[in-house]
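So this one's input_36.txt, compact mmCIF, C-alpha atoms:
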# COMPACT_ATOMS: atom_id res chain seq x y z
CA MET J 1216 11.25 -22.74 33.35
CA ILE J 1217 9.26 -25.92 33.94
CA VAL J 1218 10.92 -28.72 35.90
CA THR J 1219 9.62 -32.23 35.37
CA VAL J 1220 10.28 -35.13 37.74
CA THR J 1221 10.26 -38.69 36.39
CA LEU J 1222 11.05 -41.32 39.01
CA ASN J 1223 10.14 -44.28 36.80
CA PRO J 1224 11.29 -43.41 33.26
CA SER J 1225 11.62 -45.91 30.45
CA LEU J 1226 13.00 -46.78 27.08
CA ASP J 1227 9.92 -46.92 24.87
CA ARG J 1228 10.00 -49.23 21.88
CA THR J 1229 7.04 -48.76 19.55
CA ILE J 1230 6.30 -51.41 16.91
CA GLU J 1231 3.76 -50.84 14.14
CA VAL J 1232 1.94 -53.89 12.75
CA ASP J 1233 -0.90 -54.45 10.30
CA VAL J 1234 -2.84 -56.51 12.82
CA LEU J 1235 -2.04 -57.94 16.26
CA THR J 1236 -2.89 -61.65 16.42
CA ARG J 1237 -2.26 -63.45 19.68
CA GLY J 1238 0.03 -66.47 19.31
CA ALA J 1239 1.10 -65.60 15.75
CA VAL J 1240 4.45 -64.61 14.25
CA ILE J 1241 3.96 -61.01 13.13
CA ARG J 1242 6.25 -58.97 10.89
CA ALA J 1243 6.53 -55.36 11.98
CA ARG J 1244 6.04 -52.52 9.53
CA SER J 1245 8.31 -50.23 11.54
CA ALA J 1246 9.97 -49.89 14.95
CA ARG J 1247 11.20 -46.89 16.89
CA LEU J 1248 13.01 -46.36 20.20
CA ASP J 1249 12.30 -43.20 22.22
CA PRO J 1250 13.03 -41.94 25.72
CA GLY J 1251 9.88 -42.38 27.78
CA GLY J 1252 8.06 -41.66 30.98
CA LYS J 1253 5.37 -39.05 31.49
CA GLY J 1254 7.61 -36.32 32.82
CA VAL J 1255 10.23 -37.03 30.18
CA ASN J 1256 7.58 -36.65 27.47
CA VAL J 1257 6.30 -33.38 28.95
CA SER J 1258 9.84 -31.97 28.81
CA ARG J 1259 10.34 -33.30 25.28
CA ALA J 1260 7.13 -31.61 24.11
CA LEU J 1261 8.11 -28.34 25.76
CA LEU J 1262 11.58 -28.50 24.21
CA ALA J 1263 10.12 -29.17 20.76
CA ASN J 1264 8.09 -25.98 21.08
CA GLY J 1265 10.82 -23.74 22.45
CA VAL J 1266 9.71 -23.72 26.10
CA ALA J 1267 12.48 -23.96 28.69
CA SER J 1268 12.39 -27.16 30.70
CA THR J 1269 14.64 -29.32 32.85
CA ALA J 1270 14.00 -33.04 33.24
CA VAL J 1271 15.02 -34.61 36.56
CA VAL J 1272 15.27 -38.33 35.85
CA ALA J 1273 16.31 -41.41 37.82
CA VAL J 1274 18.50 -43.62 35.62
CA GLY J 1275 20.01 -47.04 36.27
CA GLY J 1276 21.91 -49.69 34.36
CA ALA J 1277 22.71 -49.82 30.66
CA ASP J 1278 19.14 -48.90 29.71
CA GLY J 1279 19.39 -45.84 31.94
CA ASP J 1280 22.60 -44.83 30.19
CA GLN J 1281 20.89 -45.17 26.82
CA LEU J 1282 17.91 -43.16 28.01
CA HIS J 1283 20.25 -40.37 29.12
CA ARG J 1284 22.03 -40.40 25.75
CA LEU J 1285 18.75 -40.20 23.85
CA LEU J 1286 17.59 -37.23 25.92
CA THR J 1287 20.83 -35.29 25.57
CA ALA J 1288 20.87 -36.04 21.83
CA GLU J 1289 17.52 -34.23 21.60
CA GLY J 1290 19.12 -31.20 23.24
CA MET J 1291 17.23 -31.52 26.51
CA ARG J 1292 18.57 -30.15 29.76
CA VAL J 1293 18.71 -33.26 31.94
CA ARG J 1294 19.60 -33.78 35.58
CA ALA J 1295 20.12 -37.53 35.67
CA VAL J 1296 20.45 -39.15 39.11
CA ARG J 1297 22.18 -42.53 39.09
CA VAL J 1298 20.37 -45.29 40.97
CA GLU J 1299 21.16 -48.95 41.59
CA GLY J 1300 18.00 -50.34 39.98
CA ARG J 1301 17.60 -50.86 36.23
CA THR J 1302 15.66 -48.39 34.10
CA ARG J 1303 12.66 -50.20 32.66
CA SER J 1304 11.77 -50.84 29.02
CA ASN J 1305 8.22 -50.57 27.69
CA VAL J 1306 6.83 -51.95 24.44
CA THR J 1307 3.85 -50.51 22.56
CA ILE J 1308 2.32 -52.36 19.61
CA VAL J 1309 0.38 -50.03 17.32
CA GLU J 1310 -2.24 -51.19 14.84
CA PRO J 1311 -3.75 -49.04 12.06
CA GLY J 1312 -6.06 -46.35 13.41
CA GLY J 1313 -3.88 -45.72 16.45
CA VAL J 1314 -4.99 -48.78 18.45
CA ASP J 1315 -2.26 -49.35 21.03
CA THR J 1316 -1.36 -52.41 23.08
CA LYS J 1317 1.11 -51.54 25.85
CA LEU J 1318 3.45 -53.78 27.85
CA ASN J 1319 4.93 -51.74 30.70
CA GLU J 1320 7.56 -53.08 33.09
CA PRO J 1321 7.22 -52.08 36.77
CA GLY J 1322 10.66 -50.46 37.01
CA GLY J 1323 13.43 -50.81 39.57
CA ALA J 1324 13.05 -49.93 43.22
CA LEU J 1325 14.45 -46.71 44.68
CA THR J 1326 16.09 -46.61 48.08
CA ALA J 1327 15.36 -43.90 50.64
CA ALA J 1328 18.84 -42.44 50.02
CA GLU J 1329 18.29 -42.32 46.26
CA LEU J 1330 14.91 -40.67 46.70
CA GLU J 1331 16.48 -38.08 49.01
CA GLU J 1332 19.17 -37.33 46.42
CA ILE J 1333 16.56 -36.88 43.70
CA GLY J 1334 14.63 -34.56 46.01
CA SER J 1335 17.74 -32.44 46.56
CA VAL J 1336 18.23 -32.09 42.79
CA VAL J 1337 14.59 -31.08 42.30
CA VAL J 1338 14.89 -28.44 45.04
CA ALA J 1339 18.06 -27.05 43.43
CA GLU J 1340 16.43 -26.85 39.99
CA ALA J 1341 13.12 -25.46 41.25
CA GLY J 1342 14.65 -22.14 42.30
CA ALA J 1343 14.25 -20.79 38.76
CA ALA J 1344 11.04 -22.68 37.96
CA SER J 1345 7.45 -21.54 37.58
CA TRP J 1346 6.18 -25.14 37.73
CA VAL J 1347 7.38 -28.43 39.15
CA VAL J 1348 5.61 -31.34 37.48
CA GLY J 1349 5.55 -34.78 39.11
CA CYS J 1350 4.62 -37.38 36.53
CA GLY J 1351 4.04 -41.07 36.13
CA SER J 1352 3.91 -44.19 38.24
CA LEU J 1353 6.03 -44.57 41.33
CA PRO J 1354 8.71 -47.27 41.34
CA PRO J 1355 8.51 -50.12 43.86
CA GLY J 1356 9.36 -49.05 47.38
CA VAL J 1357 8.62 -45.35 46.86
CA PRO J 1358 6.10 -43.91 49.37
CA ASP J 1359 2.64 -43.06 48.03
CA ASP J 1360 2.97 -39.49 49.32
CA THR J 1361 6.05 -38.66 47.22
CA TYR J 1362 4.19 -36.27 44.91
CA ALA J 1363 2.30 -34.89 47.89
CA ALA J 1364 5.69 -34.02 49.39
CA LEU J 1365 6.44 -31.90 46.30
CA CYS J 1366 3.26 -29.91 46.91
CA ARG J 1367 4.10 -29.31 50.55
CA ARG J 1368 7.71 -28.41 49.79
CA PHE J 1369 7.13 -25.83 47.05
CA ALA J 1370 3.83 -24.15 47.95
CA PRO J 1371 5.43 -21.80 50.52
CA ASP J 1372 7.86 -20.58 47.82
CA GLY J 1373 5.08 -19.79 45.34
CA ILE J 1374 6.21 -22.52 42.95
CA ARG J 1375 3.23 -24.24 41.40
CA VAL J 1376 3.03 -28.03 41.34
CA ALA J 1377 1.25 -30.22 38.81
CA VAL J 1378 0.75 -33.97 39.24
CA ASP J 1379 -0.02 -36.53 36.55
CA SER J 1380 -0.23 -39.90 38.23
CA SER J 1381 -2.78 -42.48 39.34
CA GLY J 1382 -3.95 -44.63 42.22
CA PRO J 1383 -2.69 -43.99 45.76
CA ALA J 1384 -0.02 -41.54 44.54
CA LEU J 1385 -2.67 -39.32 42.93
CA ARG J 1386 -5.03 -39.52 45.89
CA ALA J 1387 -2.27 -38.58 48.33
CA ALA J 1388 -1.19 -35.68 46.11
CA VAL J 1389 -4.73 -34.31 45.89
CA ALA J 1390 -4.91 -34.03 49.67
CA ALA J 1391 -1.71 -31.93 49.63
CA GLY J 1392 -3.28 -29.21 47.45
CA PRO J 1393 -1.58 -29.37 44.04
CA ASP J 1394 -2.19 -26.45 41.70
CA LEU J 1395 -3.11 -28.86 38.91
CA ILE J 1396 -3.78 -32.54 38.37
CA LYS J 1397 -4.23 -34.21 34.99
CA PRO J 1398 -5.98 -37.57 35.23
CA ASN J 1399 -7.43 -39.43 32.27
CA ARG J 1400 -10.93 -40.90 32.43
CA GLU J 1401 -9.86 -44.17 34.04
CA GLU J 1402 -7.61 -42.45 36.59
CA LEU J 1403 -10.39 -40.02 37.47
CA ALA J 1404 -12.90 -42.83 38.02
CA GLU J 1405 -10.40 -44.69 40.19
CA ALA J 1406 -9.66 -41.58 42.25
CA VAL J 1407 -13.32 -41.01 43.16
CA GLY J 1408 -14.36 -44.67 43.24
CA GLY J 1409 -17.23 -44.35 40.76
CA ALA J 1410 -18.14 -44.62 37.10
CA VAL J 1411 -17.46 -41.72 34.75
CA ASP J 1412 -19.82 -42.18 31.81
CA THR J 1413 -20.88 -38.64 30.86
CA VAL J 1414 -19.41 -35.14 30.79
CA ALA J 1415 -21.49 -34.43 33.89
CA ASP J 1416 -19.78 -37.36 35.63
CA VAL J 1417 -16.39 -35.90 34.72
CA VAL J 1418 -17.34 -32.51 36.11
CA GLU J 1419 -18.76 -34.05 39.29
CA ALA J 1420 -15.68 -36.20 39.86
CA ALA J 1421 -13.36 -33.27 39.20
CA GLY J 1422 -15.36 -31.25 41.71
CA GLN J 1423 -14.85 -33.97 44.30
CA LEU J 1424 -11.08 -33.82 43.79
CA ARG J 1425 -11.13 -30.04 44.04
CA ALA J 1426 -13.04 -30.33 47.29
CA ARG J 1427 -10.31 -32.63 48.58
CA GLY J 1428 -7.55 -30.14 47.73
CA ALA J 1429 -6.71 -29.94 44.01
CA ARG J 1430 -7.02 -26.38 42.70
CA ALA J 1431 -7.55 -27.26 39.04
CA VAL J 1432 -8.36 -30.52 37.28
CA LEU J 1433 -7.58 -31.11 33.61
CA VAL J 1434 -9.12 -34.39 32.45
CA SER J 1435 -7.87 -35.91 29.20
CA LEU J 1436 -10.50 -37.96 27.36
CA GLY J 1437 -8.59 -39.22 24.32
CA ALA J 1438 -10.51 -38.75 21.09
CA GLU J 1439 -13.32 -37.04 23.01
CA GLY J 1440 -11.15 -34.11 24.02
CA ALA J 1441 -10.62 -32.74 27.49
CA VAL J 1442 -12.43 -31.08 30.39
CA LEU J 1443 -11.02 -28.29 32.55
CA VAL J 1444 -12.55 -27.58 35.96
CA ASP J 1445 -11.06 -24.74 38.03
CA ASP J 1446 -12.03 -21.58 39.91
CA ASP J 1447 -13.35 -20.06 36.67
CA GLY J 1448 -15.83 -22.87 36.07
CA VAL J 1449 -16.01 -25.64 33.46
CA LEU J 1450 -14.65 -25.72 29.92
CA THR J 1451 -14.70 -28.59 27.46
CA GLY J 1452 -13.14 -28.97 24.05
CA GLU J 1453 -11.90 -31.34 21.41
CA ALA J 1454 -9.52 -31.46 18.46
CA PRO J 1455 -10.60 -34.21 16.04
CA VAL J 1456 -7.85 -36.15 14.28
CA ALA J 1457 -8.43 -37.95 11.01
CA GLY J 1458 -6.22 -41.03 10.72
CA PRO J 1459 -4.58 -41.17 14.15
CA ARG J 1460 -1.10 -42.70 14.12
CA SER J 1461 -0.30 -43.36 17.80
CA THR J 1462 -1.76 -42.23 21.12
CA VAL J 1463 1.48 -42.86 23.05
CA GLY J 1464 2.44 -39.67 24.87
CA ALA J 1465 -0.58 -37.69 23.68
CA GLY J 1466 -1.72 -36.95 27.22
CA ASP J 1467 1.78 -35.78 28.10
CA ALA J 1468 1.83 -33.43 25.11
CA LEU J 1469 -1.60 -32.15 26.18
CA LEU J 1470 -0.29 -31.34 29.66
CA ALA J 1471 2.80 -29.65 28.21
CA GLY J 1472 0.66 -27.46 25.95
CA PHE J 1473 -1.56 -26.47 28.86
CA LEU J 1474 1.41 -25.45 31.01
CA ALA J 1475 3.13 -23.64 28.13
CA ALA J 1476 0.01 -21.52 27.54
CA GLY J 1477 -0.33 -20.34 31.13
CA ALA J 1478 -2.35 -23.23 32.61
CA ARG J 1479 -5.61 -21.33 32.86
CA GLY J 1480 -8.67 -20.63 30.77
CA ALA J 1481 -9.81 -21.29 27.22
CA ARG J 1482 -6.51 -20.36 25.58
CA ALA J 1483 -4.56 -22.88 27.65
CA LEU J 1484 -7.15 -25.61 27.07
CA ALA J 1485 -7.09 -24.93 23.33
CA GLU J 1486 -3.30 -25.12 23.23
CA ALA J 1487 -3.39 -28.34 25.23
CA LEU J 1488 -5.82 -29.92 22.78
CA ALA J 1489 -3.81 -28.77 19.78
CA TRP J 1490 -0.57 -30.27 21.16
CA GLY J 1491 -2.31 -33.50 22.15
CA ALA J 1492 -3.90 -33.89 18.72
CA ALA J 1493 -0.55 -33.22 17.06
CA ALA J 1494 1.03 -36.00 19.11
CA VAL J 1495 -1.66 -38.44 17.93
CA ARG J 1496 -0.62 -37.71 14.34
CA MET J 1497 3.03 -38.54 15.16
CA PRO J 1498 4.55 -42.03 14.90
CA ALA J 1499 5.49 -43.84 18.11
CA SER J 1500 6.03 -41.43 21.00
CA ARG J 1501 7.45 -38.54 19.02
CA MET J 1502 6.54 -35.18 20.51
CA PRO J 1503 5.16 -32.54 18.13
CA GLY J 1504 6.98 -29.33 17.33
CA ALA J 1505 5.55 -25.96 16.37
CA ALA J 1506 5.14 -26.96 12.71
CA ASP J 1507 3.03 -29.99 13.70
CA VAL J 1508 0.50 -28.12 15.85
CA ARG J 1509 -2.82 -27.23 14.21
CA ARG J 1510 -4.95 -24.83 16.21
CA ASP J 1511 -7.65 -24.52 13.56
CA ILE J 1512 -9.13 -27.93 14.44
CA VAL J 1513 -9.71 -27.05 18.11
CA ARG J 1514 -13.21 -26.36 19.40
CA ILE J 1515 -13.80 -24.97 22.91
CA HIS J 1516 -17.21 -25.09 24.58
CA PRO J 1517 -17.74 -22.59 27.44
CA ARG J 1518 -21.23 -24.03 27.88
CA PRO J 1519 -20.62 -27.77 27.68
CA ASP J 1520 -23.27 -30.38 27.04
CA LEU J 1521 -23.12 -32.08 30.42
CA ALA J 1522 -25.48 -34.87 29.35
CA ARG J 1523 -23.17 -35.99 26.53
CA PRO J 1524 -22.15 -39.63 27.02
CA LEU J 1525 -18.51 -40.64 26.74
CA LEU J 1526 -18.29 -43.23 24.02
CA THR J 1527 -14.64 -44.29 24.12
Write out the structure in this file as structure tokens.
Amino acid sequence: MIVTVTLNPSLDRTIEVDVLTRGAVIRARSARLDPGGKGVNVSRALLANGVASTAVVAVGGADGDQLHRLLTAEGMRVRAVRVEGRTRSNVTIVEPGGVDTKLNEPGGALTAAELEEIGSVVVAEAGAASWVVGCGSLPPGVPDDTYAALCRRFAPDGIRVAVDSSGPALRAAVAAGPDLIKPNREELAEAVGGAVDTVADVVEAAGQLRARGARAVLVSLGAEGAVLVDDDGVLTGEAPVAGPRSTVGAGDALLAGFLAAGARGARALAEALAWGAAAVRMPASRMPGAADVRRDIVRIHPRPDLARPLLT
């Protein structure tokens, strides 16, 4: 069982257009509404591939009610905690080739009492879990060390904690010793305060975060694949996609695949890349199922080319 925690979920509306022109009236080719938020997407990807998961989600207002309905309609096990603030809505505009423009609302604030209630639900669900996964941005008013608190709470019980966040929340979590973090290139550069322009830069930055407390670092690099740095060393890999449809949620699918495959070594990295690539071929923020995952396109490099520049 993998428990995901999403404090700032969303309703994600994805609109496909032929070209995005600022200031113009544009007719959409298609539109889709999905439940969103990093942790929500991780649980959706796990569910689509037959892996047991529970999503702990803060929901508020009419949009929160709709989010809950969408999740339960997918057959997900959801522990929804009602809050006073309104669940946010995000809009993604997708152009041909998978070029995304995202408009993300900040989300409603959480009170200390609401955060305590969510924590109690997570603790109750974590008893049967192998992983607790804290994902996404923190809503206004939530302390930066919220994900760090998950690490400190569950480590004594042998429950592993993964964190996929950014900024102060990620930095605070790293210091608390998470079993896994999954930054993208921009989040990694922000966390170490330096440029990340080559594979060597990725490995160096991941090493810095491991030195600060993170046990394993899985860095998603979009079309250029991913890098895994852990106690076993460094692995890189990629899964090229011809004709990408949408990158929304691809990093979340990648994390879900990694966790589902044991979260260690070449097999887990390969599964992560296969799930992430499958998500890129999906419209909007659909999560891929078993029939969508192609493992034959994955390439793993135990001896990576550290000098390779990152082009995207």
message: Applying 9 Å and only C-alpha atoms, which residues near Glu1299 (chain J) remain after dropping the ones on its own chain fewer than 6 positions away? List them as a PyMOL selection string.
response: chain J and resi 1274-1276+1323-1326+1329
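Here CA of Ala1493 (chain J) stands at a distance of 19.3 Å from CA of Leu1443 (chain J).
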note - CA of Gly1373 (chain J) and CA of Gly1392 (chain J) are separated by 12.8 Å
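Closest approach to Ala1485 (chain J) from the set J:Ile1374, J:Leu1470, J:Ala1505, J:Ala1341 is made by J:Leu1470, with distances taken over only C-alpha atoms.
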Shell of 6 Å around Lys1253 (chain J), only C-alpha atoms, local chain residues under 3 positions omitted, as a PDB file with C-alpha atoms, in the frame of the given file:
ATOM      1  CA  ASN J1256       7.580 -36.650  27.470  1.00  0.00           C
ATOM      2  CA  CYS J1350       4.620 -37.380  36.530  1.00  0.00           C
ATOM      3  CA  GLY J1351       4.040 -41.070  36.130  1.00  0.00           C
ATOM      4  CA  ASP J1467       1.780 -35.780  28.100  1.00  0.00           C
TER       5      ASP J1467
END
Kindly assemble as CSV a list of the region 1317-1396 of chain J residues that lie within 10 Å of region 1429-1436 of chain J, each paired with its nearest atom pair and their distance in Å to one decimal, using all atoms listed in the file, sorted first by chain and then by ascending residue number.
residue,atom,partner,partner_atom,distance
J:Ala1377,CA,J:Ala1431,CA,9.3
J:Val1378,CA,J:Ala1429,CA,9.7
J:Asp1379,CA,J:Leu1433,CA,9.8
J:Arg1386,CA,J:Ala1429,CA,9.9
J:Ala1388,CA,J:Ala1429,CA,8.2
J:Val1389,CA,J:Ala1429,CA,5.2
J:Ala1390,CA,J:Ala1429,CA,7.2
J:Ala1391,CA,J:Ala1429,CA,7.8
J:Gly1392,CA,J:Ala1429,CA,4.9
J:Pro1393,CA,J:Ala1429,CA,5.2
J:Asp1394,CA,J:Arg1430,CA,4.9
J:Leu1395,CA,J:Ala1431,CA,4.7
J:Ile1396,CA,J:Val1432,CA,5.1
query: So how many Å separate CA of Met1216 (chain J) and CA of Ala1267 (chain J), to one decimal?
result: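 Interatomic distance, CA of Met1216 (chain J) to CA of Ala1267 (chain J): 5.0 Å.
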Kindly assemble as a Markdown table a list of the region 1324-1415 of chain J residues that lie within 10 Å of region 1514-1520 of chain J, each paired with its nearest atom pair and their distance in Å to one decimal, using all atoms listed in the file, sorted first by chain and then by ascending residue number.
| residue | atom | partner | partner_atom | distance |
| --- | --- | --- | --- | --- |
| J:Thr1413 | CA | J:Asp1520 | CA | 9.4 |
| J:Val1414 | CA | J:Asp1520 | CA | 7.2 |
| J:Ala1415 | CA | J:Asp1520 | CA | 8.2 |
- Query: Excluding same-chain residues fewer than 2 positions from Arg1294 (chain J), what lies within 7 Å of it counting all atoms listed in the file, as a list in words?
  - Reply: Ala1270, Val1271, Val1272, Arg1292 and Val1296 of chain J
Counting only C-alpha atoms, write as a PyMOL selection string all protein and nucleic acid residues lying at most 12 Å from (5.4, -58.1, 11.3) in the file's frame. chain J and resi 1230-1236+1239-1246+1308-1310
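Each of J:Thr1462, J:Val1417, J:Glu1289, J:Ala1471 was compared to Leu1261 (chain J) using all atoms listed in the file, and J:Ala1471 turns out to be the nearest.
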Rank nothing, just name the residue among J:Arg1237, J:Arg1367, J:Lys1317, J:Arg1259 nearest to Pro1503 (chain J), using only C-alpha atoms.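 The closest residue to Pro1503 (chain J) is J:Arg1259.
Distances to Val1338 (chain J) were evaluated for J:Ala1273, J:Val1220, J:Leu1282, J:Val1357 using only C-alpha atoms, and the minimum falls at J:Val1220.
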Residues within 8 Å of region 1301-1305 of chain J, all atoms listed in the file, excluding chain neighbours under 4 positions, as number ranges by chain = J: 1223-1228, 1273-1279, 1317-1323
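Each of J:Leu1248, J:Leu1403, J:Ala1457, J:Leu1469 was compared to Ser1500 (chain J) using only C-alpha atoms, and J:Leu1248 turns out to be the nearest.
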With N, CA and C atoms as the target, complete region 1388-1418 of chain J and hand it back as a PDB file, in the frame of the given file.
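Once written, selection-v2.pdb looks like this:
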ATOM      1  N   ALA J1388      -1.565 -37.000  46.613  1.00  0.00           N
ATOM      2  CA  ALA J1388      -1.190 -35.680  46.110  1.00  0.00           C
ATOM      3  C   ALA J1388      -2.354 -34.705  46.191  1.00  0.00           C
ATOM      4  N   VAL J1389      -3.543 -35.176  45.858  1.00  0.00           N
ATOM      5  CA  VAL J1389      -4.730 -34.310  45.890  1.00  0.00           C
ATOM      6  C   VAL J1389      -4.907 -33.701  47.276  1.00  0.00           C
ATOM      7  N   ALA J1390      -4.731 -34.501  48.297  1.00  0.00           N
ATOM      8  CA  ALA J1390      -4.910 -34.030  49.670  1.00  0.00           C
ATOM      9  C   ALA J1390      -3.881 -32.975  50.060  1.00  0.00           C
ATOM     10  N   ALA J1391      -2.768 -32.893  49.328  1.00  0.00           N
ATOM     11  CA  ALA J1391      -1.710 -31.930  49.630  1.00  0.00           C
ATOM     12  C   ALA J1391      -1.890 -30.616  48.883  1.00  0.00           C
ATOM     13  N   GLY J1392      -2.960 -30.488  48.093  1.00  0.00           N
ATOM     14  CA  GLY J1392      -3.280 -29.210  47.450  1.00  0.00           C
ATOM     15  C   GLY J1392      -2.457 -28.852  46.236  1.00  0.00           C
ATOM     16  N   PRO J1393      -2.316 -29.739  45.249  1.00  0.00           N
ATOM     17  CA  PRO J1393      -1.580 -29.370  44.040  1.00  0.00           C
ATOM     18  C   PRO J1393      -2.312 -28.277  43.260  1.00  0.00           C
ATOM     19  N   ASP J1394      -1.569 -27.482  42.521  1.00  0.00           N
ATOM     20  CA  ASP J1394      -2.190 -26.450  41.700  1.00  0.00           C
ATOM     21  C   ASP J1394      -2.933 -27.041  40.519  1.00  0.00           C
ATOM     22  N   LEU J1395      -2.493 -28.222  40.066  1.00  0.00           N
ATOM     23  CA  LEU J1395      -3.110 -28.860  38.910  1.00  0.00           C
ATOM     24  C   LEU J1395      -2.901 -30.360  38.982  1.00  0.00           C
ATOM     25  N   ILE J1396      -3.944 -31.117  38.622  1.00  0.00           N
ATOM     26  CA  ILE J1396      -3.780 -32.540  38.370  1.00  0.00           C
ATOM     27  C   ILE J1396      -4.332 -32.836  36.984  1.00  0.00           C
ATOM     28  N   LYS J1397      -3.770 -33.875  36.326  1.00  0.00           N
ATOM     29  CA  LYS J1397      -4.230 -34.210  34.990  1.00  0.00           C
ATOM     30  C   LYS J1397      -4.516 -35.710  34.871  1.00  0.00           C
ATOM     31  N   PRO J1398      -5.630 -36.160  35.407  1.00  0.00           N
ATOM     32  CA  PRO J1398      -5.980 -37.570  35.230  1.00  0.00           C
ATOM     33  C   PRO J1398      -6.636 -37.799  33.868  1.00  0.00           C
ATOM     34  N   ASN J1399      -6.576 -39.046  33.394  1.00  0.00           N
ATOM     35  CA  ASN J1399      -7.430 -39.430  32.270  1.00  0.00           C
ATOM     36  C   ASN J1399      -8.740 -39.980  32.842  1.00  0.00           C
ATOM     37  N   ARG J1400      -9.604 -40.455  31.969  1.00  0.00           N
ATOM     38  CA  ARG J1400     -10.930 -40.900  32.430  1.00  0.00           C
ATOM     39  C   ARG J1400     -10.819 -42.036  33.436  1.00  0.00           C
ATOM     40  N   GLU J1401      -9.989 -43.019  33.159  1.00  0.00           N
ATOM     41  CA  GLU J1401      -9.860 -44.170  34.040  1.00  0.00           C
ATOM     42  C   GLU J1401      -9.255 -43.767  35.391  1.00  0.00           C
ATOM     43  N   GLU J1402      -8.242 -42.906  35.350  1.00  0.00           N
ATOM     44  CA  GLU J1402      -7.610 -42.450  36.590  1.00  0.00           C
ATOM     45  C   GLU J1402      -8.572 -41.616  37.428  1.00  0.00           C
ATOM     46  N   LEU J1403      -9.399 -40.819  36.757  1.00  0.00           N
ATOM     47  CA  LEU J1403     -10.390 -40.020  37.470  1.00  0.00           C
ATOM     48  C   LEU J1403     -11.418 -40.910  38.155  1.00  0.00           C
ATOM     49  N   ALA J1404     -11.922 -41.911  37.436  1.00  0.00           N
ATOM     50  CA  ALA J1404     -12.900 -42.830  38.020  1.00  0.00           C
ATOM     51  C   ALA J1404     -12.310 -43.561  39.213  1.00  0.00           C
ATOM     52  N   GLU J1405     -11.055 -43.984  39.089  1.00  0.00           N
ATOM     53  CA  GLU J1405     -10.400 -44.690  40.190  1.00  0.00           C
ATOM     54  C   GLU J1405     -10.234 -43.772  41.404  1.00  0.00           C
ATOM     55  N   ALA J1406      -9.917 -42.509  41.155  1.00  0.00           N
ATOM     56  CA  ALA J1406      -9.660 -41.580  42.250  1.00  0.00           C
ATOM     57  C   ALA J1406     -10.910 -41.303  43.082  1.00  0.00           C
ATOM     58  N   VAL J1407     -12.086 -41.310  42.427  1.00  0.00           N
ATOM     59  CA  VAL J1407     -13.320 -41.010  43.160  1.00  0.00           C
ATOM     60  C   VAL J1407     -14.113 -42.273  43.484  1.00  0.00           C
ATOM     61  N   GLY J1408     -13.691 -43.422  42.942  1.00  0.00           N
ATOM     62  CA  GLY J1408     -14.360 -44.670  43.240  1.00  0.00           C
ATOM     63  C   GLY J1408     -15.740 -44.799  42.635  1.00  0.00           C
ATOM     64  N   GLY J1409     -15.925 -44.262  41.422  1.00  0.00           N
ATOM     65  CA  GLY J1409     -17.230 -44.350  40.760  1.00  0.00           C
ATOM     66  C   GLY J1409     -17.087 -44.277  39.268  1.00  0.00           C
ATOM     67  N   ALA J1410     -18.152 -44.629  38.564  1.00  0.00           N
ATOM     68  CA  ALA J1410     -18.140 -44.620  37.100  1.00  0.00           C
ATOM     69  C   ALA J1410     -18.138 -43.188  36.568  1.00  0.00           C
ATOM     70  N   VAL J1411     -17.484 -43.006  35.433  1.00  0.00           N
ATOM     71  CA  VAL J1411     -17.460 -41.720  34.750  1.00  0.00           C
ATOM     72  C   VAL J1411     -17.916 -41.970  33.321  1.00  0.00           C
ATOM     73  N   ASP J1412     -19.218 -41.793  33.078  1.00  0.00           N
ATOM     74  CA  ASP J1412     -19.820 -42.180  31.810  1.00  0.00           C
ATOM     75  C   ASP J1412     -20.313 -41.010  30.968  1.00  0.00           C
ATOM     76  N   THR J1413     -20.416 -39.826  31.575  1.00  0.00           N
ATOM     77  CA  THR J1413     -20.880 -38.640  30.860  1.00  0.00           C
ATOM     78  C   THR J1413     -19.985 -37.461  31.207  1.00  0.00           C
ATOM     79  N   VAL J1414     -20.151 -36.361  30.457  1.00  0.00           N
ATOM     80  CA  VAL J1414     -19.410 -35.140  30.790  1.00  0.00           C
ATOM     81  C   VAL J1414     -19.793 -34.673  32.188  1.00  0.00           C
ATOM     82  N   ALA J1415     -21.058 -34.805  32.545  1.00  0.00           N
ATOM     83  CA  ALA J1415     -21.490 -34.430  33.890  1.00  0.00           C
ATOM     84  C   ALA J1415     -20.757 -35.239  34.953  1.00  0.00           C
ATOM     85  N   ASP J1416     -20.535 -36.527  34.688  1.00  0.00           N
ATOM     86  CA  ASP J1416     -19.780 -37.360  35.630  1.00  0.00           C
ATOM     87  C   ASP J1416     -18.349 -36.854  35.777  1.00  0.00           C
ATOM     88  N   VAL J1417     -17.755 -36.442  34.668  1.00  0.00           N
ATOM     89  CA  VAL J1417     -16.390 -35.900  34.720  1.00  0.00           C
ATOM     90  C   VAL J1417     -16.354 -34.653  35.587  1.00  0.00           C
ATOM     91  N   VAL J1418     -17.299 -33.759  35.356  1.00  0.00           N
ATOM     92  CA  VAL J1418     -17.340 -32.510  36.110  1.00  0.00           C
ATOM     93  C   VAL J1418     -17.578 -32.781  37.595  1.00  0.00           C
TER      94      VAL J1418
END
